[in-house]
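Structure file coords-v8.cif with mmCIF, C-alpha atoms:
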```cif
data_structure
loop_
_atom_site.label_atom_id
_atom_site.label_comp_id
_atom_site.auth_asym_id
_atom_site.auth_seq_id
_atom_site.Cartn_x
_atom_site.Cartn_y
_atom_site.Cartn_z
CA GLN T 1 -0.31 15.36 11.22
CA VAL T 2 -1.63 12.92 8.68
CA GLN T 3 -4.41 10.39 9.05
CA LEU T 4 -4.69 7.35 6.82
CA VAL T 5 -7.77 5.14 6.70
CA GLU T 6 -7.76 1.91 4.71
CA SER T 7 -10.80 0.11 3.39
CA GLY T 8 -11.73 -2.56 0.88
CA GLY T 9 -10.34 -5.66 2.52
CA GLY T 10 -12.32 -8.86 2.73
CA SER T 11 -12.42 -12.59 2.12
CA VAL T 12 -12.16 -13.87 -1.44
CA GLN T 13 -11.40 -17.07 -3.33
CA ALA T 14 -8.08 -17.65 -5.05
CA GLY T 15 -8.04 -16.03 -8.48
CA GLU T 16 -10.42 -13.25 -7.53
CA SER T 17 -9.70 -9.54 -7.22
CA LEU T 18 -9.90 -6.85 -4.57
CA THR T 19 -9.25 -3.14 -4.58
CA LEU T 20 -7.98 -1.51 -1.41
CA SER T 21 -8.40 2.19 -0.76
CA CYS T 22 -6.55 4.51 1.57
CA ALA T 23 -7.95 7.95 2.25
CA ALA T 24 -5.46 10.52 3.47
CA SER T 25 -6.42 13.58 5.48
CA GLY T 26 -4.72 16.25 7.50
CA ASN T 27 -1.55 17.98 6.37
CA THR T 28 -1.21 16.20 3.03
CA ALA T 29 -0.46 19.16 0.77
CA ASN T 30 3.22 18.29 0.27
CA MET T 31 3.03 14.56 0.74
CA TYR T 32 4.66 12.83 -2.21
CA ALA T 33 5.13 9.20 -1.23
CA LEU T 34 2.34 6.71 -0.63
CA ALA T 35 2.78 2.99 -0.23
CA TRP T 36 1.14 -0.28 0.67
CA PHE T 37 2.66 -2.81 3.01
CA ARG T 38 1.40 -6.12 4.31
CA GLN T 39 2.02 -8.37 7.25
CA ALA T 40 0.98 -12.00 7.51
CA PRO T 41 0.74 -13.77 10.86
CA GLY T 42 4.18 -14.70 12.12
CA LYS T 43 5.94 -12.80 9.37
CA GLU T 44 7.61 -9.44 9.09
CA ARG T 45 5.93 -6.53 7.43
CA GLU T 46 6.88 -6.25 3.77
CA GLY T 47 6.48 -3.65 1.10
CA VAL T 48 3.95 -4.28 -1.65
CA ALA T 49 3.91 -1.16 -3.82
CA ALA T 50 4.69 2.53 -3.65
CA ILE T 51 3.86 5.56 -5.72
CA TYR T 52 5.66 8.89 -5.79
CA THR T 53 2.88 11.30 -6.61
CA GLY T 54 5.06 14.10 -7.96
CA GLY T 55 5.85 12.23 -11.15
CA GLY T 56 3.72 9.12 -10.77
CA THR T 57 6.67 6.74 -10.47
CA THR T 58 5.65 3.37 -9.08
CA TYR T 59 7.57 0.58 -7.38
CA TYR T 60 6.46 -3.00 -6.86
CA SER T 61 7.72 -5.99 -4.97
CA ASP T 62 8.52 -8.98 -7.13
CA TYR T 63 5.39 -10.83 -6.03
CA ALA T 64 3.18 -7.85 -6.83
CA LYS T 65 4.49 -7.13 -10.32
CA GLY T 66 1.96 -8.04 -12.97
CA ARG T 67 -0.83 -8.71 -10.47
CA PHE T 68 -1.14 -5.56 -8.36
CA THR T 69 -1.50 -1.95 -9.46
CA ILE T 70 -1.04 1.09 -7.24
CA SER T 71 -2.67 4.36 -8.22
CA HIS T 72 -3.41 7.74 -6.74
CA ASP T 73 -6.39 10.03 -7.08
CA LYS T 74 -5.09 13.47 -6.21
CA SER T 75 -8.52 15.08 -6.13
CA GLU T 76 -9.76 12.54 -3.59
CA ASN T 77 -6.42 12.28 -1.77
CA THR T 78 -6.76 8.53 -2.00
CA VAL T 79 -4.35 5.79 -2.95
CA PHE T 80 -5.60 2.50 -4.34
CA LEU T 81 -4.19 -1.00 -4.62
CA GLN T 82 -5.87 -3.10 -7.29
CA MET T 83 -5.07 -6.75 -6.63
CA ASN T 84 -5.81 -9.36 -9.27
CA SER T 85 -5.29 -13.11 -9.40
CA LEU T 86 -5.10 -13.29 -5.64
CA LYS T 87 -3.39 -16.27 -4.02
CA PRO T 88 -3.71 -17.74 -0.54
CA GLU T 89 -0.22 -16.46 0.21
CA ASP T 90 -1.53 -12.92 -0.28
CA THR T 91 -3.48 -13.32 2.95
CA ALA T 92 -2.31 -10.57 5.31
CA MET T 93 -3.16 -7.32 6.99
CA TYR T 94 -2.57 -4.58 4.45
CA TYR T 95 -1.37 -1.18 5.60
CA CYS T 96 -1.20 2.17 3.89
CA ALA T 97 1.80 4.38 4.64
CA SER T 98 2.91 7.83 3.63
CA GLU T 99 5.82 10.22 3.86
CA TYR T 100 6.38 13.79 2.72
CA LEU T 101 9.65 13.26 0.95
CA PRO T 102 9.89 10.24 -1.33
CA PRO T 103 12.48 7.75 -0.11
CA PRO T 104 15.39 6.99 -2.43
CA PRO T 105 14.21 4.41 -4.97
CA PRO T 106 16.28 1.54 -3.54
CA VAL T 107 14.31 1.82 -0.29
CA ALA T 108 10.93 2.80 -1.73
CA LEU T 109 9.42 -0.32 -0.16
CA SER T 110 11.21 -0.14 3.16
CA ASP T 111 8.81 0.42 6.04
CA ALA T 112 11.48 2.32 7.96
CA GLU T 113 11.20 5.12 5.39
CA TYR T 114 7.54 5.90 6.14
CA LYS T 115 6.34 7.87 9.12
CA TYR T 116 2.56 7.80 8.79
CA TRP T 117 0.54 4.60 8.93
CA GLY T 118 -3.05 3.51 8.79
CA GLN T 119 -4.66 0.86 10.98
CA GLY T 120 -4.78 -1.76 8.27
CA THR T 121 -7.39 -3.77 6.41
CA GLN T 122 -7.50 -7.56 6.40
CA VAL T 123 -7.31 -9.54 3.18
CA THR T 124 -8.01 -13.27 3.33
CA VAL T 125 -7.67 -15.47 0.26
CA SER T 126 -8.91 -19.05 0.43
CA SER T 127 -8.02 -21.83 -1.97
#
```

Just dump the structure as structure tokens.
Amino acid sequence: QVQLVESGGGSVQAGESLTLSCAASGNTANMYALAWFRQAPGKEREGVAAIYTGGGTTYYSDYAKGRFTISHDKSENTVFLQMNSLKPEDTAMYYCASEYLPPPPPVALSDAEYKYWGQGTQVTVSS
């Protein structure tokens, strides 16, 4: 089993930055895919960014490219999401997800490909 615990959410003004963290524990030795998803009220969950830790390959949604950065600290077993230039439309619950085998790149940001999920951390951006 794998446990994922997110932290770092909060309320910020538009244009500000936040860094989310997700600490993984449990049977993580051969876990090679970590990702961030988000879900706004009334909307479906959508992929934000993913990282395949074997080679460090990253994937971003179009709205995240250039503003968000996903990274992984192997020693701390933690994945981060640095979010810059936040917009009100970034307001959502952000979830960390993981899977042992990396999904094929075309579905790297598909929530159906990830088995393990955290409880989420709320991000609210006001204008």

For this session: Provide the atom CA of T:Glu76 to atom CA of T:Ala23 distance in Å, to one decimal place.
Result: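 Spanning atom CA of T:Glu76 to atom CA of T:Ala23 is a straight-line distance of 7.6 Å.
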
Problem set entry | Selection dump of the PyMOL selection byres ((chain T and resi 16-18) around 6), as a list in words |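 The output of the PyMOL selection byres ((chain T and resi 16-18) around 6) on this file is Gln13, Ala14, Gly15, Thr19, Met83, Asn84, Ser85 and Leu86 of chain T.
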
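Evaluated against the shown file, the PyMOL selection byres ((chain T and resi 73) around 12) gives Ser21, Cys22, Ala23, Ala24, Leu34, Ile51, Thr53, Gly56, Ile70, Ser71, His72, Lys74, Ser75, Glu76, Asn77, Thr78, Val79, Phe80 and Leu81 of chain T.
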
Draw an axis-aligned box tight on the listed atoms of stretch 106-117 of chain T, then pad every side by 5 Å and write out centre and edge lengths in Å to one decimal as JSON.
```
{"center_x": 8.4, "center_y": 3.8, "center_z": 2.8, "size_x": 25.7, "size_y": 18.2, "size_z": 22.7}
```

For stretch 100-111 of chain T, work out the shell of residues within 8 Å, counting all atoms listed in the file and skipping chain neighbours fewer than 3 positions away, then give it as a tab-separated table (two decimals) with C-alpha atoms, keeping the file's coordinate frame.
```
chain	number	residue	atom	x	y	z
T	28	THR	CA	-1.21	16.20	3.03
T	30	ASN	CA	3.22	18.29	0.27
T	31	MET	CA	3.03	14.56	0.74
T	32	TYR	CA	4.66	12.83	-2.21
T	33	ALA	CA	5.13	9.20	-1.23
T	35	ALA	CA	2.78	2.99	-0.23
T	37	PHE	CA	2.66	-2.81	3.01
T	45	ARG	CA	5.93	-6.53	7.43
T	46	GLU	CA	6.88	-6.25	3.77
T	47	GLY	CA	6.48	-3.65	1.10
T	48	VAL	CA	3.95	-4.28	-1.65
T	49	ALA	CA	3.91	-1.16	-3.82
T	50	ALA	CA	4.69	2.53	-3.65
T	52	TYR	CA	5.66	8.89	-5.79
T	59	TYR	CA	7.57	0.58	-7.38
T	60	TYR	CA	6.46	-3.00	-6.86
T	61	SER	CA	7.72	-5.99	-4.97
T	114	TYR	CA	7.54	5.90	6.14
```

For this session: In Å, rounded to a single decimal, give me how far atom CA of T:Tyr94 is from atom CA of T:Asp62.
Result: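 Distance between the two atoms: 16.6 Å.
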
Problem set entry | Given only C-alpha atoms as the counted atoms, nearest of T:Gly26, T:Pro41, T:Gly66, T:Gly55 to T:Thr124 | T:Pro41

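Reported to one decimal place, the separation of atom CA of T:Ala92 from atom CA of T:Ala40 is 4.2 Å.
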
Completion of stretch 71-97 of chain T up to N, CA, C and O atoms, as an mmCIF file, in the frame of the given file:
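Ended up saving to out-v6.cif:
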```cif
data_model
loop_
_atom_site.group_PDB
_atom_site.id
_atom_site.type_symbol
_atom_site.label_atom_id
_atom_site.label_comp_id
_atom_site.auth_asym_id
_atom_site.auth_seq_id
_atom_site.Cartn_x
_atom_site.Cartn_y
_atom_site.Cartn_z
ATOM 1 N N SER T 71 -2.304 3.125 -7.536
ATOM 2 C CA SER T 71 -2.670 4.360 -8.220
ATOM 3 C C SER T 71 -3.070 5.397 -7.193
ATOM 4 O O SER T 71 -3.331 5.072 -6.029
ATOM 5 N N HIS T 72 -3.136 6.637 -7.652
ATOM 6 C CA HIS T 72 -3.410 7.740 -6.740
ATOM 7 C C HIS T 72 -4.391 8.702 -7.373
ATOM 8 O O HIS T 72 -4.219 9.098 -8.540
ATOM 9 N N ASP T 73 -5.430 9.028 -6.650
ATOM 10 C CA ASP T 73 -6.390 10.030 -7.080
ATOM 11 C C ASP T 73 -6.117 11.287 -6.277
ATOM 12 O O ASP T 73 -6.469 11.364 -5.093
ATOM 13 N N LYS T 74 -5.504 12.260 -6.920
ATOM 14 C CA LYS T 74 -5.090 13.470 -6.210
ATOM 15 C C LYS T 74 -6.299 14.260 -5.717
ATOM 16 O O LYS T 74 -6.283 14.810 -4.615
ATOM 17 N N SER T 75 -7.353 14.294 -6.507
ATOM 18 C CA SER T 75 -8.520 15.080 -6.130
ATOM 19 C C SER T 75 -9.208 14.525 -4.892
ATOM 20 O O SER T 75 -9.788 15.263 -4.100
ATOM 21 N N GLU T 76 -9.138 13.192 -4.736
ATOM 22 C CA GLU T 76 -9.760 12.540 -3.590
ATOM 23 C C GLU T 76 -8.746 12.265 -2.480
ATOM 24 O O GLU T 76 -9.124 11.766 -1.416
ATOM 25 N N ASN T 77 -7.481 12.549 -2.750
ATOM 26 C CA ASN T 77 -6.420 12.280 -1.770
ATOM 27 C C ASN T 77 -6.458 10.831 -1.304
ATOM 28 O O ASN T 77 -6.380 10.530 -0.108
ATOM 29 N N THR T 78 -6.598 9.956 -2.289
ATOM 30 C CA THR T 78 -6.760 8.530 -2.000
ATOM 31 C C THR T 78 -5.792 7.720 -2.850
ATOM 32 O O THR T 78 -5.613 8.008 -4.036
ATOM 33 N N VAL T 79 -5.204 6.717 -2.234
ATOM 34 C CA VAL T 79 -4.350 5.790 -2.950
ATOM 35 C C VAL T 79 -5.041 4.428 -2.990
ATOM 36 O O VAL T 79 -5.697 4.035 -2.022
ATOM 37 N N PHE T 80 -4.920 3.765 -4.121
ATOM 38 C CA PHE T 80 -5.600 2.500 -4.340
ATOM 39 C C PHE T 80 -4.574 1.383 -4.583
ATOM 40 O O PHE T 80 -3.480 1.630 -5.085
ATOM 41 N N LEU T 81 -4.980 0.177 -4.265
ATOM 42 C CA LEU T 81 -4.190 -1.000 -4.620
ATOM 43 C C LEU T 81 -5.144 -2.005 -5.250
ATOM 44 O O LEU T 81 -5.956 -2.619 -4.563
ATOM 45 N N GLN T 82 -5.075 -2.118 -6.561
ATOM 46 C CA GLN T 82 -5.870 -3.100 -7.290
ATOM 47 C C GLN T 82 -5.103 -4.412 -7.277
ATOM 48 O O GLN T 82 -3.964 -4.479 -7.745
ATOM 49 N N MET T 83 -5.727 -5.450 -6.745
ATOM 50 C CA MET T 83 -5.070 -6.750 -6.630
ATOM 51 C C MET T 83 -5.856 -7.780 -7.428
ATOM 52 O O MET T 83 -7.034 -8.019 -7.166
ATOM 53 N N ASN T 84 -5.194 -8.344 -8.416
ATOM 54 C CA ASN T 84 -5.810 -9.360 -9.270
ATOM 55 C C ASN T 84 -5.145 -10.714 -9.050
ATOM 56 O O ASN T 84 -4.046 -10.802 -8.508
ATOM 57 N N SER T 85 -5.833 -11.747 -9.485
ATOM 58 C CA SER T 85 -5.290 -13.110 -9.400
ATOM 59 C C SER T 85 -4.747 -13.400 -8.007
ATOM 60 O O SER T 85 -3.615 -13.882 -7.840
ATOM 61 N N LEU T 86 -5.559 -13.125 -7.012
ATOM 62 C CA LEU T 86 -5.100 -13.290 -5.640
ATOM 63 C C LEU T 86 -4.818 -14.751 -5.307
ATOM 64 O O LEU T 86 -5.476 -15.661 -5.827
ATOM 65 N N LYS T 87 -3.830 -14.935 -4.445
ATOM 66 C CA LYS T 87 -3.390 -16.270 -4.020
ATOM 67 C C LYS T 87 -3.528 -16.377 -2.512
ATOM 68 O O LYS T 87 -3.492 -15.361 -1.806
ATOM 69 N N PRO T 88 -3.639 -17.591 -2.000
ATOM 70 C CA PRO T 88 -3.710 -17.740 -0.540
ATOM 71 C C PRO T 88 -2.542 -17.086 0.193
ATOM 72 O O PRO T 88 -2.715 -16.561 1.296
ATOM 73 N N GLU T 89 -1.383 -17.079 -0.435
ATOM 74 C CA GLU T 89 -0.220 -16.460 0.210
ATOM 75 C C GLU T 89 -0.291 -14.938 0.247
ATOM 76 O O GLU T 89 0.557 -14.295 0.864
ATOM 77 N N ASP T 90 -1.298 -14.360 -0.393
ATOM 78 C CA ASP T 90 -1.530 -12.920 -0.280
ATOM 79 C C ASP T 90 -2.303 -12.555 0.983
ATOM 80 O O ASP T 90 -2.502 -11.374 1.277
ATOM 81 N N THR T 91 -2.744 -13.558 1.714
ATOM 82 C CA THR T 91 -3.480 -13.320 2.950
ATOM 83 C C THR T 91 -2.599 -12.573 3.949
ATOM 84 O O THR T 91 -1.493 -13.009 4.269
ATOM 85 N N ALA T 92 -3.087 -11.424 4.406
ATOM 86 C CA ALA T 92 -2.310 -10.570 5.310
ATOM 87 C C ALA T 92 -3.145 -9.376 5.713
ATOM 88 O O ALA T 92 -4.202 -9.104 5.127
ATOM 89 N N MET T 93 -2.633 -8.647 6.687
ATOM 90 C CA MET T 93 -3.160 -7.320 6.990
ATOM 91 C C MET T 93 -2.417 -6.352 6.085
ATOM 92 O O MET T 93 -1.183 -6.364 6.046
ATOM 93 N N TYR T 94 -3.153 -5.534 5.365
ATOM 94 C CA TYR T 94 -2.570 -4.580 4.450
ATOM 95 C C TYR T 94 -2.626 -3.171 5.036
ATOM 96 O O TYR T 94 -3.683 -2.729 5.498
ATOM 97 N N TYR T 95 -1.489 -2.504 5.018
ATOM 98 C CA TYR T 95 -1.370 -1.180 5.600
ATOM 99 C C TYR T 95 -0.991 -0.152 4.542
ATOM 100 O O TYR T 95 -0.174 -0.416 3.659
ATOM 101 N N CYS T 96 -1.561 1.019 4.702
ATOM 102 C CA CYS T 96 -1.200 2.170 3.890
ATOM 103 C C CYS T 96 -0.187 2.996 4.681
ATOM 104 O O CYS T 96 -0.307 3.116 5.910
ATOM 105 N N ALA T 97 0.793 3.555 3.988
ATOM 106 C CA ALA T 97 1.800 4.380 4.640
ATOM 107 C C ALA T 97 2.112 5.581 3.767
ATOM 108 O O ALA T 97 1.945 5.531 2.540
#
```
